[in-house]
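Chemist: Just passing along the structure, written as structure tokens.
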Amino acid sequence: MTPTTETTLRFVGDYPVLGVWVLALGLAALMAWLYRREMRFQSRRLSWVPMACRTLAVFILVLALSGPVLREETTQRQLGRVVLAVDTSASMKLEDDVERTSNFVPSAADDASGQTNSEVRSTDSRLSRAEKLLLSGTTPLLKKLTESQDVELVLLRGQQTQRAWWHRQQGKDTSGEMPTSLQAQADAPITNLDSTLREALGSSAPGTALVVLSDGQHNAAGSPEEFATAMKEVGVPVFTIGFGTEVPPPDLSVLNVITAESVFAQENLQGRVIVQDSLPAGTPAQVRVSSAGKVLWEQSFSSEGKGERRFDFSFPVKALPPAQASERDQTLRLLHVNVAVQGERSNLEKTRANNSREVALHLLTKKRKVLILDGRPRWETRYLHNHFDRDDRWEAKLIFDDYSARPEEGAMQKNFPKTREDLLSYDLVILGDVAPERFSSIQRDWLIEFVEKRGGGLILIDGVRGSLQGWQKGETAALVPVAWTGKMAGAQAFTWQLTTDGERQPGLRLSDSPSANASLWPTLPEMRWTAGTEALPGSLVLANLKPEKSDRLLPACVFRQVGAGAVLYLATDDLWRWRYQVADLYHQRLWMQIAAWIAAPPFQAENNTLSIGTDRLRYTPGEQSEIRVRVRNPQGELVSTGEPRAFLLLDGKEVATLPLEADPTHFGIFRAQTPPLRAGSYEIAIAESASAPRSNLRLSLRVADAGNPEWATLTMNRPLLESMANASGGRFLREEQAATELPNLLQSIDRKQVTVKETLLWSSWWWFGAVIVLLTIEWLMRKRLKLV
């Protein structure tokens with residue numbers, strides 16, 4: 001497009017342009033009037049010249065002293081960038097009963113049949129209707145948009161994006177002729193309207209618009225609303241085009257099964273089945289939990305047709321059938337959850353593909369263990385103990401000191417693990433406001449060995465008594481990542497601020513969106529005190545506390561790797577204040593994430609030299625697994641060098657070879673992340689180097705068939721699509737509105753590059769040269785006229 005240039009005059013100090021001109025003209029006129037009184041007796045032909053020179057010089061000086069700046073603003077406008085993202089998940093395969101509106105264009109078959117019903121059966125899937133909207137007709141919508149915009153067509157394929165076509169710079173940059181079809185099937189296992197849209201946009205800037213064609217059934221990680229809010233901040237509106245009916249068809253589906261991923265054989269397994277019920281009221285149905293053909297629990301009910309329903313189940317774990325002898329993982333059991341219509345009306349449902357779900361359950365032989373040591377009962381340690389006590393994955397032991405006059409007779413030494421082996425059986429130790437003198441020297445040595453050699457995790461929670469400061473002396477100094485600067489900071493409020501390293505740490509993530517997480521921390525309830533410390537060399541500050549009366553940042557969450565283990569220091573014990581009005585929403589989540597991160601990594605398969613584990617025990621299709629590996633030499637020492645590899649096998653066939661990278665937070669631990677997993681039985685094998693053979697030790701991994709989450713809800717999620725559009729400054733349209741309204745809404749989208757050039761007229765010597773010339777002419781003329 002042709003650039004446009006706008007030239008304006010302004011003055012330094014932002015004086016009004018009109019005011020400066022009026023002042024200059026006024027003073028010039030005053031000078032002319034005063035000069036005229038002196039020249040009134042002069043009748044020579046050039047007697048007016050001195051007056052004109054003086055008047056003009058005054059006018060120029062007033063303008064120069066006002067600081068005139070000549071501003072040239074050149075705007076280079078480019079075509080707007082429109083990214084069309086088409087959802088190709090399995091839910092877009094559904095056919096709908098669509099309501100006929102004035103904007104609905106009937107097909108030729110409809111015209112031939114002469115149908116005039118207010119509701120017709122659509123024989124096209126949602127994806128087919130999206131394809132026709134973009135690519136069919138005399139002037140397809142896609143072609144219409146290319147006339148005034150740079151257009152990119154992107155397909156959303158589960159967790160990935162696929163660029164299908166682009167047309168930029170009025171056809172100078174294009175991937176080829178406009179396609180006549182999308183050449184994709186609606187078969188992606190999940191819908192992701194967060195990370196895939198970020199990937200589709202790439203670098204986003206004003207002049208860009210995102211158009212999402214979807215039914216809104218987001219069922220992956222991330223928050224579409226937070227994504228849309230972030231887009232508004234960078235000036236990128238999101239226009240959502242909704243496909244699918246808003247009236248649920250008759251159907252039953254399993255939305256979710258909530259239960260523990262692991263349980264002890266002596267316990268009862270409890271859980272909840274969430275069912276979507278849109279059947280006619282009174283229809284008989286049944287929900288059932290079974291394993292290997294054995295019914296473990298069932299409940300009959302009558303449908304209500306009002307949406308979500310919850311059914312709580314419980315049965316003894318010992319009722320589960322035993323694993324097959326041929327199974328490598330004898331701790332794995334598969335639960336099958338099914339819901340169905342009973343009796344003669346069993347064919348009433350729209351689909352039965354969403355009636356069942358498989359859930360993997362692991363039978364544990366031991367829990368992860370945490371030891372909590374504190375000098376007194378504090379709110380923080382009490383709530384902390386409750387969190388671990390309610391979590392089936394952890395076994396917690398809490399010891400408070402009674403400050404007996406003789407430490408060897410006190411509660412701390414009496415209740416401390418009796419042997420070295422007992423302490424090393426723990427995965428995490430949380431040490432509160434208790435002095436090192438309250439432990440025996442051998443107990444302190446065990447704690448050092450627990451962290452440095454066992455690879456255990458240690459969390460230090462400071463307190464107002466300052467007892468932790470004693471640990472920075474002697475052999476225990478290696479366990480402390482900070483140095484105390486003296487005074488405790490109190491009597492004011494402190495707000496949290498994550499550092500750049502803290503923003504990247506998943507253990508400190510309180511929101512699914514990294515940007516929203518960084519914004520959330522400063523809004524959390526304020527701390528009332530903090531210890532004054534500074535991080536030691538080799539330590540990493542993850543979060544600071546900012547006093548309300550100062551801009552100084554105080555280290556409050558500091559990490560340090562110590563030998564094979566990890567240490568985290570917290571400068572305040574006021575985190576329990578986060579429970580105000582929201583209970584465990586943030587407090588429990590943070591502590592459980594920190595514990596899982598700092599504690600010795602769990603391993604499900606181990607021998608003398610090799611340990612293999614994963615971050616979780618349960619996965620669903622499309623998710624990724626983090627593999628953890630620890631290698632020891634024959635002497636039992638950790639190996640931190642080398643190039644170990646992991647082999648991922650599905651049903652006995654190798655599907656991926658993964659290089660393992662050293663974990664920066666745990667010495668001697670290697671990690672790798674698998675590609676997105678499909679349903680099935682996996683095994684993980686390890687080679688200690690590129691030339692070494694695969695280990696005989698294998699870790700079994702089961703990715704349960706979660707049914708079809710795409711068909712759990714058969715209607716369009718209009719609230720989500722509207723929320724995305726409103727949060728970003730865009731607009732929601734139904735599919736029948738898009739062809740006529742979308743091009744008009746995108747007309748205002750363009751990109752512009754503004755170049756500003758300012759010339760400082762007031763600092764130019766030409767101004768003062770002109771004044772000197774005028775005053776010189778005036779003086780010469782006055783001399784000629786005999787006025788000097």
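Residue numbering restarts at 1 for every chain of the structure tokens, chains are lettered A, B, ... in their displayed order, and ligands are numbered from 1 as they appear.
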Based on DSSP run over this structure's backbone, return all residues of region 222-338 of chain A in strand (DSSP E or B), as a VMD selection string.
Modeler: chain A and resid 238 to 242 252 to 259 262 to 264 268 to 277 284 to 291 294 to 302 307 to 316 332 to 338
Chemist: Which of region 568-764 of chain A counts as alpha helix (DSSP H) under DSSP, as a ChimeraX atom specification please?
Modeler: /A:587-598,718-728,735-745
Chemist: As a PyMOL selection string, please: the residues near region 227-235 of chain A (cut-off 10 Å, only C-alpha atoms, same-chain neighbours under 5 positions excluded).
Modeler: chain A and resi 193-195+197-198+204-210+222+513+515-516+723-730
Chemist: For N, CA and C atoms, I'd like the residues from the last selection saved as a tab-separated table (two decimals), in the first residue's frame.
Modeler:
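Saved file again08.tsv follows:
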chain	number	residue	atom	x	y	z
A	193	LEU	N	-7.45	-25.78	22.68
A	193	LEU	CA	-7.67	-24.41	22.22
A	193	LEU	C	-6.78	-23.43	22.98
A	194	ASP	N	-5.62	-23.90	23.39
A	194	ASP	CA	-4.67	-23.01	24.04
A	194	ASP	C	-3.31	-23.08	23.34
A	195	SER	N	-2.52	-24.10	23.63
A	195	SER	CA	-1.16	-24.15	23.09
A	195	SER	C	-1.14	-24.27	21.57
A	197	LEU	N	-3.28	-22.95	19.47
A	197	LEU	CA	-3.57	-21.63	18.91
A	197	LEU	C	-2.36	-20.70	19.05
A	198	ARG	N	-1.63	-20.82	20.16
A	198	ARG	CA	-0.41	-20.03	20.31
A	198	ARG	C	0.59	-20.40	19.21
A	204	SER	N	2.80	-12.68	17.49
A	204	SER	CA	1.55	-11.95	17.35
A	204	SER	C	1.81	-10.47	17.56
A	205	ALA	N	1.14	-9.65	16.75
A	205	ALA	CA	1.30	-8.20	16.84
A	205	ALA	C	0.00	-7.56	16.37
A	206	PRO	N	-0.22	-6.29	16.71
A	206	PRO	CA	-1.43	-5.60	16.22
A	206	PRO	C	-1.51	-5.68	14.70
A	207	GLY	N	-2.72	-5.80	14.21
A	207	GLY	CA	-2.91	-6.02	12.78
A	207	GLY	C	-3.11	-7.47	12.44
A	208	THR	N	-3.15	-8.32	13.49
A	208	THR	CA	-3.37	-9.75	13.31
A	208	THR	C	-4.71	-10.12	13.95
A	209	ALA	N	-5.43	-11.02	13.32
A	209	ALA	CA	-6.68	-11.54	13.88
A	209	ALA	C	-6.67	-13.05	13.77
A	210	LEU	N	-7.24	-13.72	14.77
A	210	LEU	CA	-7.34	-15.17	14.79
A	210	LEU	C	-8.80	-15.56	14.68
A	222	GLY	N	-4.23	-26.38	29.77
A	222	GLY	CA	-4.24	-24.99	29.35
A	222	GLY	C	-5.59	-24.34	29.52
A	513	SER	N	-1.44	-21.32	32.91
A	513	SER	CA	-0.78	-20.40	31.99
A	513	SER	C	0.42	-19.76	32.67
A	515	SER	N	2.07	-17.01	31.97
A	515	SER	CA	1.91	-15.56	32.15
A	515	SER	C	0.92	-15.26	33.26
A	516	ALA	N	-0.17	-16.02	33.32
A	516	ALA	CA	-1.16	-15.80	34.37
A	516	ALA	C	-0.58	-16.18	35.73
A	723	SER	N	-16.71	-16.60	25.59
A	723	SER	CA	-15.75	-16.05	26.55
A	723	SER	C	-14.43	-15.73	25.87
A	724	MET	N	-13.95	-16.60	24.99
A	724	MET	CA	-12.71	-16.34	24.27
A	724	MET	C	-12.83	-15.08	23.41
A	725	ALA	N	-13.95	-14.96	22.70
A	725	ALA	CA	-14.14	-13.80	21.83
A	725	ALA	C	-14.22	-12.51	22.64
A	726	ASN	N	-15.01	-12.52	23.71
A	726	ASN	CA	-15.19	-11.30	24.51
A	726	ASN	C	-13.90	-10.89	25.22
A	727	ALA	N	-13.15	-11.88	25.71
A	727	ALA	CA	-11.92	-11.57	26.46
A	727	ALA	C	-10.84	-10.98	25.56
A	728	SER	N	-10.89	-11.28	24.26
A	728	SER	CA	-9.84	-10.81	23.36
A	728	SER	C	-10.24	-9.57	22.56
A	729	GLY	N	-11.51	-9.17	22.67
A	729	GLY	CA	-11.98	-8.04	21.87
A	729	GLY	C	-12.51	-8.46	20.51
A	730	GLY	N	-12.76	-9.77	20.32
A	730	GLY	CA	-13.33	-10.26	19.07
A	730	GLY	C	-14.83	-10.43	19.19
Chemist: Skip Pro693 (chain A) itself and residues of its chain fewer than 3 positions away, then list as an MDAnalysis selection string all residues within 12 Å of it, counting only C-alpha atoms.
Modeler: chainID A and resid 644:647 685:690 696:697
Chemist: Given only C-alpha atoms, how would the per-residue table for region 653-758 of chain A near region 357-367 of chain A read, listing every residue at most 12 Å away with its closest atom pair and distance in Å to one decimal, sorted by chain and number, as CSV?
Modeler:
residue,atom,partner,partner_atom,distance
A:Ala679,CA,A:Glu358,CA,10.0
A:Gly680,CA,A:Ala360,CA,11.1
A:Ser681,CA,A:Ala360,CA,11.0
A:Ser700,CA,A:His362,CA,11.2
A:Leu701,CA,A:Ala360,CA,9.8
A:Arg702,CA,A:Ala360,CA,7.1
A:Val703,CA,A:Ala360,CA,7.6
A:Ala704,CA,A:Glu358,CA,5.6
A:Asp705,CA,A:Glu358,CA,5.1
A:Ala706,CA,A:Arg357,CA,4.7
A:Gly707,CA,A:Arg357,CA,4.7
A:Asn708,CA,A:Arg357,CA,8.0
A:Pro709,CA,A:Arg357,CA,9.1
A:Trp711,CA,A:Arg357,CA,11.9
A:Ala712,CA,A:Arg357,CA,10.4
Chemist: Based on the selection just made, write C-alpha atoms of those residues as a short mmCIF file (atom, residue, chain, number, x, y, z; two decimals), in the first residue's frame.
Modeler:
data_model
loop_
_atom_site.label_atom_id
_atom_site.label_comp_id
_atom_site.auth_asym_id
_atom_site.auth_seq_id
_atom_site.Cartn_x
_atom_site.Cartn_y
_atom_site.Cartn_z
CA ALA A 679 -3.54 -46.21 24.43
CA GLY A 680 -1.75 -49.49 25.07
CA SER A 681 0.87 -51.29 27.17
CA SER A 700 5.78 -51.20 32.56
CA LEU A 701 3.53 -48.29 31.66
CA ARG A 702 -0.15 -48.51 30.83
CA VAL A 703 -1.96 -45.77 28.93
CA ALA A 704 -5.60 -46.48 29.64
CA ASP A 705 -8.26 -46.09 26.99
CA ALA A 706 -10.22 -43.13 28.31
CA GLY A 707 -13.00 -43.76 25.85
CA ASN A 708 -13.68 -40.90 23.48
CA PRO A 709 -13.42 -37.65 25.45
CA TRP A 711 -17.81 -37.33 22.36
CA ALA A 712 -18.39 -37.00 26.07
#
Chemist: Need the shell around Pro417 (chain A): protein/DNA/RNA residues with any atom at most 10 Å away, counting only C-alpha atoms. Skip same-chain ones fewer than 4 positions apart. Format as a list in words?
Modeler: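 Counting only C-alpha atoms, the residues come to Leu371, Met412, Gln413, Glu421, Asp422, Leu423, Leu424, Ser425, Tyr426, Gln443 and Trp446 of chain A.
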Chemist: Which polymer residues have any atom within 9 Å of an atom of Ala595 (chain A), counting only C-alpha atoms, with same-chain residues fewer than 3 positions away left out, as a PDB file with N, CA, C and O atoms, in the first residue's frame?
Modeler:
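The result, written out as around.pdb:
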ATOM      1  N   VAL A 370       7.442 -38.680  54.218  1.00  0.00           N
ATOM      2  CA  VAL A 370       7.921 -37.343  54.550  1.00  0.00           C
ATOM      3  C   VAL A 370       8.042 -37.240  56.070  1.00  0.00           C
ATOM      4  O   VAL A 370       7.163 -37.693  56.811  1.00  0.00           O
ATOM      5  N   LEU A 428      11.582 -37.254  51.840  1.00  0.00           N
ATOM      6  CA  LEU A 428      11.601 -35.806  52.040  1.00  0.00           C
ATOM      7  C   LEU A 428      11.635 -35.515  53.536  1.00  0.00           C
ATOM      8  O   LEU A 428      10.937 -36.163  54.319  1.00  0.00           O
ATOM      9  N   GLY A 457      15.268 -35.070  49.627  1.00  0.00           N
ATOM     10  CA  GLY A 457      14.964 -33.652  49.560  1.00  0.00           C
ATOM     11  C   GLY A 457      14.838 -33.058  50.949  1.00  0.00           C
ATOM     12  O   GLY A 457      14.362 -33.713  51.881  1.00  0.00           O
ATOM     13  N   ILE A 459      13.515 -29.402  52.881  1.00  0.00           N
ATOM     14  CA  ILE A 459      12.875 -28.090  52.808  1.00  0.00           C
ATOM     15  C   ILE A 459      13.037 -27.422  54.163  1.00  0.00           C
ATOM     16  O   ILE A 459      12.670 -27.992  55.197  1.00  0.00           O
ATOM     17  N   GLY A 507       7.162 -26.519  39.694  1.00  0.00           N
ATOM     18  CA  GLY A 507       6.768 -26.698  41.079  1.00  0.00           C
ATOM     19  C   GLY A 507       6.125 -25.472  41.696  1.00  0.00           C
ATOM     20  O   GLY A 507       5.437 -25.572  42.712  1.00  0.00           O
ATOM     21  N   LEU A 590       0.494 -25.770  46.030  1.00  0.00           N
ATOM     22  CA  LEU A 590       1.904 -25.410  46.059  1.00  0.00           C
ATOM     23  C   LEU A 590       2.715 -26.430  46.828  1.00  0.00           C
ATOM     24  O   LEU A 590       3.767 -26.893  46.353  1.00  0.00           O
ATOM     25  N   TRP A 591       2.250 -26.830  48.020  1.00  0.00           N
ATOM     26  CA  TRP A 591       3.037 -27.745  48.835  1.00  0.00           C
ATOM     27  C   TRP A 591       3.161 -29.126  48.199  1.00  0.00           C
ATOM     28  O   TRP A 591       4.223 -29.761  48.264  1.00  0.00           O
ATOM     29  N   MET A 592       2.110 -29.607  47.581  1.00  0.00           N
ATOM     30  CA  MET A 592       2.196 -30.924  46.949  1.00  0.00           C
ATOM     31  C   MET A 592       3.136 -30.889  45.743  1.00  0.00           C
ATOM     32  O   MET A 592       3.871 -31.848  45.482  1.00  0.00           O
ATOM     33  N   ILE A 598      11.069 -31.512  45.152  1.00  0.00           N
ATOM     34  CA  ILE A 598      12.264 -31.533  45.981  1.00  0.00           C
ATOM     35  C   ILE A 598      12.573 -32.937  46.500  1.00  0.00           C
ATOM     36  O   ILE A 598      13.743 -33.308  46.674  1.00  0.00           O
ATOM     37  N   ALA A 599      11.549 -33.740  46.750  1.00  0.00           N
ATOM     38  CA  ALA A 599      11.772 -35.075  47.310  1.00  0.00           C
ATOM     39  C   ALA A 599      12.598 -35.938  46.366  1.00  0.00           C
ATOM     40  O   ALA A 599      12.684 -35.677  45.158  1.00  0.00           O
TER      41      ALA A 599
END
Chemist: What separation in Å, quoted to one decimal, exists between CA of Glu503 (chain A) and CA of Ser519 (chain A)?
Modeler: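 CA of Ser519 (chain A) lies 10.2 Å from CA of Glu503 (chain A).
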Chemist: Listing only residues of region 151-214 of chain A within 7 Å of region 88-93 of chain A, what is the closest atom pair and its distance in Å (to one decimal) for each, using only C-alpha atoms, sorted by chain and residue number ascending, as a tab-separated table?
Modeler:
residue	atom	partner	partner_atom	distance
A:Leu155	CA	A:Thr88	CA	6.6
A:Leu156	CA	A:Thr88	CA	5.8
A:Arg157	CA	A:Thr88	CA	5.9
A:Gly158	CA	A:Ser89	CA	6.4
A:Gln185	CA	A:Thr88	CA	6.6
A:Ala186	CA	A:Thr88	CA	4.5
A:Asp187	CA	A:Ala90	CA	4.4
A:Ala188	CA	A:Ser89	CA	4.1
A:Pro189	CA	A:Ala90	CA	6.1
A:Ile190	CA	A:Ser89	CA	6.0
A:Thr191	CA	A:Ser89	CA	5.7
Chemist: Those selected residues, please, written with C-alpha atoms and delivered as an mmCIF file, in the first residue's frame.
Modeler:
data_model
loop_
_atom_site.group_PDB
_atom_site.id
_atom_site.type_symbol
_atom_site.label_atom_id
_atom_site.label_comp_id
_atom_site.auth_asym_id
_atom_site.auth_seq_id
_atom_site.Cartn_x
_atom_site.Cartn_y
_atom_site.Cartn_z
ATOM 1 C CA LEU A 155 -5.551 -27.237 11.034
ATOM 2 C CA LEU A 156 -5.673 -28.041 14.754
ATOM 3 C CA ARG A 157 -4.592 -31.680 15.085
ATOM 4 C CA GLY A 158 -4.893 -32.487 18.781
ATOM 5 C CA GLN A 185 -10.275 -36.191 8.793
ATOM 6 C CA ALA A 186 -11.946 -35.307 12.079
ATOM 7 C CA ASP A 187 -9.950 -37.829 14.075
ATOM 8 C CA ALA A 188 -7.704 -35.922 16.486
ATOM 9 C CA PRO A 189 -8.138 -37.526 19.961
ATOM 10 C CA ILE A 190 -8.373 -34.244 21.897
ATOM 11 C CA THR A 191 -9.236 -30.573 21.407
#
Chemist: Excluding region 606-615 of chain A and residues on its chain fewer than 2 positions from it, collect all residues at most 12 Å away from it, counting only C-alpha atoms, and give them as a CSV table (one decimal) with N, CA and C atoms, in the first residue's frame.
Modeler:
chain,number,residue,atom,x,y,z
A,593,GLN,N,3.1,-29.8,45.0
A,593,GLN,CA,4.0,-29.6,43.9
A,593,GLN,C,5.5,-29.5,44.3
A,596,ALA,N,6.7,-32.9,45.6
A,596,ALA,CA,7.0,-33.9,44.5
A,596,ALA,C,8.3,-33.5,43.8
A,597,TRP,N,8.6,-32.2,43.7
A,597,TRP,CA,9.8,-31.7,43.0
A,597,TRP,C,11.1,-31.9,43.9
A,600,ALA,N,13.2,-37.0,46.9
A,600,ALA,CA,13.9,-37.9,46.1
A,600,ALA,C,13.0,-38.5,45.0
A,601,PRO,N,13.4,-38.4,43.8
A,601,PRO,CA,12.5,-38.9,42.7
A,601,PRO,C,12.1,-40.3,42.9
A,602,PRO,N,10.8,-40.6,42.7
A,602,PRO,CA,10.3,-42.0,42.9
A,602,PRO,C,10.7,-42.9,41.7
A,603,PHE,N,11.0,-44.1,42.0
A,603,PHE,CA,11.3,-45.1,41.0
A,603,PHE,C,10.4,-46.3,41.2
A,604,GLN,N,9.7,-46.7,40.1
A,604,GLN,CA,8.9,-47.9,40.2
A,604,GLN,C,9.6,-49.2,39.9
A,617,LEU,N,1.6,-42.3,37.6
A,617,LEU,CA,1.3,-43.7,37.4
A,617,LEU,C,0.2,-43.9,36.4
A,618,ARG,N,-0.5,-42.8,36.1
A,618,ARG,CA,-1.7,-43.0,35.2
A,618,ARG,C,-1.6,-41.9,34.1
A,619,TYR,N,-1.9,-42.4,32.9
A,619,TYR,CA,-1.8,-41.5,31.7
A,619,TYR,C,-3.0,-41.8,30.8
A,623,GLU,N,-1.3,-37.7,26.3
A,623,GLU,CA,-0.4,-37.1,27.3
A,623,GLU,C,1.1,-37.6,27.1
A,624,GLN,N,2.0,-36.9,27.7
A,624,GLN,CA,3.4,-37.3,27.7
A,624,GLN,C,3.9,-37.7,29.0
A,625,SER,N,4.8,-38.6,29.1
A,625,SER,CA,5.3,-39.1,30.3
A,625,SER,C,6.8,-38.6,30.5
A,626,GLU,N,7.1,-38.3,31.7
A,626,GLU,CA,8.5,-37.9,32.0
A,626,GLU,C,9.2,-39.1,32.6
A,627,ILE,N,10.3,-39.6,32.0
A,627,ILE,CA,11.0,-40.7,32.5
A,627,ILE,C,12.2,-40.3,33.3
A,628,ARG,N,12.4,-40.9,34.5
A,628,ARG,CA,13.5,-40.6,35.4
A,628,ARG,C,14.4,-41.8,35.5
A,629,VAL,N,15.7,-41.6,35.5
A,629,VAL,CA,16.6,-42.8,35.5
A,629,VAL,C,17.7,-42.4,36.5
A,630,ARG,N,18.1,-43.3,37.3
A,630,ARG,CA,19.3,-43.1,38.2
A,630,ARG,C,20.2,-44.3,38.0
A,631,VAL,N,21.5,-44.0,37.7
A,631,VAL,CA,22.5,-45.1,37.4
A,631,VAL,C,23.6,-45.0,38.5
A,632,ARG,N,23.9,-46.2,39.1
A,632,ARG,CA,25.0,-46.4,40.0
A,632,ARG,C,26.0,-47.3,39.5
A,633,ASN,N,27.3,-47.1,39.9
A,633,ASN,CA,28.3,-48.1,39.5
A,633,ASN,C,28.3,-49.3,40.5
A,634,PRO,N,29.1,-50.3,40.2
A,634,PRO,CA,29.1,-51.5,41.1
A,634,PRO,C,29.4,-51.2,42.6
A,635,GLN,N,30.1,-50.1,42.9
A,635,GLN,CA,30.3,-49.7,44.2
A,635,GLN,C,29.2,-48.9,44.9
A,636,GLY,N,28.1,-48.7,44.1
A,636,GLY,CA,26.9,-48.0,44.7
A,636,GLY,C,27.0,-46.5,44.6
A,637,GLU,N,28.0,-46.0,43.9
A,637,GLU,CA,28.2,-44.5,43.7
A,637,GLU,C,27.4,-44.1,42.5
A,638,LEU,N,26.8,-42.8,42.7
A,638,LEU,CA,26.0,-42.3,41.6
A,638,LEU,C,26.8,-41.9,40.4
A,639,VAL,N,26.3,-42.2,39.2
A,639,VAL,CA,27.0,-41.9,37.9
A,639,VAL,C,26.3,-40.7,37.3
A,644,PRO,N,23.2,-42.0,28.7
A,644,PRO,CA,22.2,-43.1,28.8
A,644,PRO,C,21.1,-42.8,27.8
A,645,ARG,N,20.4,-43.8,27.4
A,645,ARG,CA,19.3,-43.7,26.5
A,645,ARG,C,18.1,-44.5,27.0
A,646,ALA,N,16.9,-44.1,26.7
A,646,ALA,CA,15.7,-44.8,27.1
A,646,ALA,C,15.0,-45.3,25.8
A,647,PHE,N,14.5,-46.5,25.9
A,647,PHE,CA,13.8,-47.1,24.7
A,647,PHE,C,12.3,-47.3,25.1
A,660,LEU,N,18.7,-39.3,27.3
A,660,LEU,CA,18.5,-38.8,28.6
A,660,LEU,C,19.4,-37.7,29.0
A,668,GLY,N,22.9,-36.9,39.6
A,668,GLY,CA,22.8,-38.3,39.3
A,668,GLY,C,21.5,-38.8,38.7
A,669,ILE,N,20.6,-37.9,38.5
A,669,ILE,CA,19.3,-38.2,37.9
A,669,ILE,C,19.3,-37.8,36.4
A,670,PHE,N,18.8,-38.6,35.6
A,670,PHE,CA,18.6,-38.3,34.2
A,670,PHE,C,17.1,-38.3,33.8
A,671,ARG,N,16.8,-37.4,32.9
A,671,ARG,CA,15.3,-37.3,32.5
A,671,ARG,C,15.2,-37.3,31.0
A,672,ALA,N,14.0,-37.7,30.6
A,672,ALA,CA,13.6,-37.6,29.2
A,672,ALA,C,12.0,-37.5,29.1
A,673,GLN,N,11.5,-36.9,28.1
A,673,GLN,CA,10.1,-36.9,27.9
A,673,GLN,C,9.7,-37.6,26.7
A,674,THR,N,8.6,-38.4,26.8
A,674,THR,CA,8.2,-39.2,25.7
A,674,THR,C,7.4,-38.4,24.8
A,683,GLU,N,6.6,-50.5,27.6
A,683,GLU,CA,7.7,-50.9,28.5
A,683,GLU,C,8.8,-49.9,28.2
A,684,ILE,N,9.6,-49.6,29.3
A,684,ILE,CA,10.7,-48.7,29.2
A,684,ILE,C,12.0,-49.4,29.6
A,685,ALA,N,12.9,-49.5,28.6
A,685,ALA,CA,14.2,-50.1,28.9
A,685,ALA,C,15.3,-49.0,28.8
A,686,ILE,N,16.5,-49.3,29.4
A,686,ILE,CA,17.5,-48.3,29.5
A,686,ILE,C,18.8,-48.9,29.0
A,687,ALA,N,19.6,-48.1,28.3
A,687,ALA,CA,21.0,-48.5,27.9
A,687,ALA,C,21.9,-47.4,28.6
A,688,GLU,N,22.9,-47.8,29.3
A,688,GLU,CA,23.7,-46.9,30.1
A,688,GLU,C,24.6,-46.0,29.3
A,694,ARG,N,20.6,-53.0,26.0
A,694,ARG,CA,19.4,-52.6,26.9
A,694,ARG,C,19.5,-53.4,28.2
A,695,SER,N,19.0,-52.8,29.2
A,695,SER,CA,18.9,-53.4,30.5
A,695,SER,C,17.8,-54.5,30.5
A,696,ASN,N,18.0,-55.5,31.4
A,696,ASN,CA,17.0,-56.5,31.6
A,696,ASN,C,15.9,-55.9,32.5
A,697,LEU,N,16.2,-54.8,33.3
A,697,LEU,CA,15.2,-54.2,34.1
A,697,LEU,C,14.3,-53.4,33.2
A,698,ARG,N,13.0,-53.6,33.3
A,698,ARG,CA,12.0,-52.9,32.5
A,698,ARG,C,10.9,-52.3,33.4
A,699,LEU,N,10.4,-51.1,33.0
A,699,LEU,CA,9.3,-50.5,33.7
A,699,LEU,C,8.1,-50.5,32.8
A,700,SER,N,7.0,-51.1,33.3
A,700,SER,CA,5.8,-51.2,32.6
A,700,SER,C,5.0,-49.9,32.7
A,701,LEU,N,4.3,-49.5,31.7
A,701,LEU,CA,3.5,-48.3,31.7
A,701,LEU,C,2.3,-48.6,30.9
A,702,ARG,N,1.1,-48.3,31.5
A,702,ARG,CA,-0.1,-48.5,30.8
A,702,ARG,C,-0.8,-47.2,30.6
Chemist: What is the CA of Phe315 (chain A)-CA of Ser291 (chain A) distance in Å, reported with one decimal?
Modeler: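 Result for CA of Phe315 (chain A) versus CA of Ser291 (chain A): 12.1 Å, one decimal.
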Chemist: Go through A:Val337, A:Val295, A:Ala85, A:Ala662 one by one, measure the shortest atom-to-atom distance of each to Ala319 (chain A) using only C-alpha atoms, and give the residue with the smallest value.
Modeler: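 Using only C-alpha atoms, the shortest distance to Ala319 (chain A) belongs to A:Val295.
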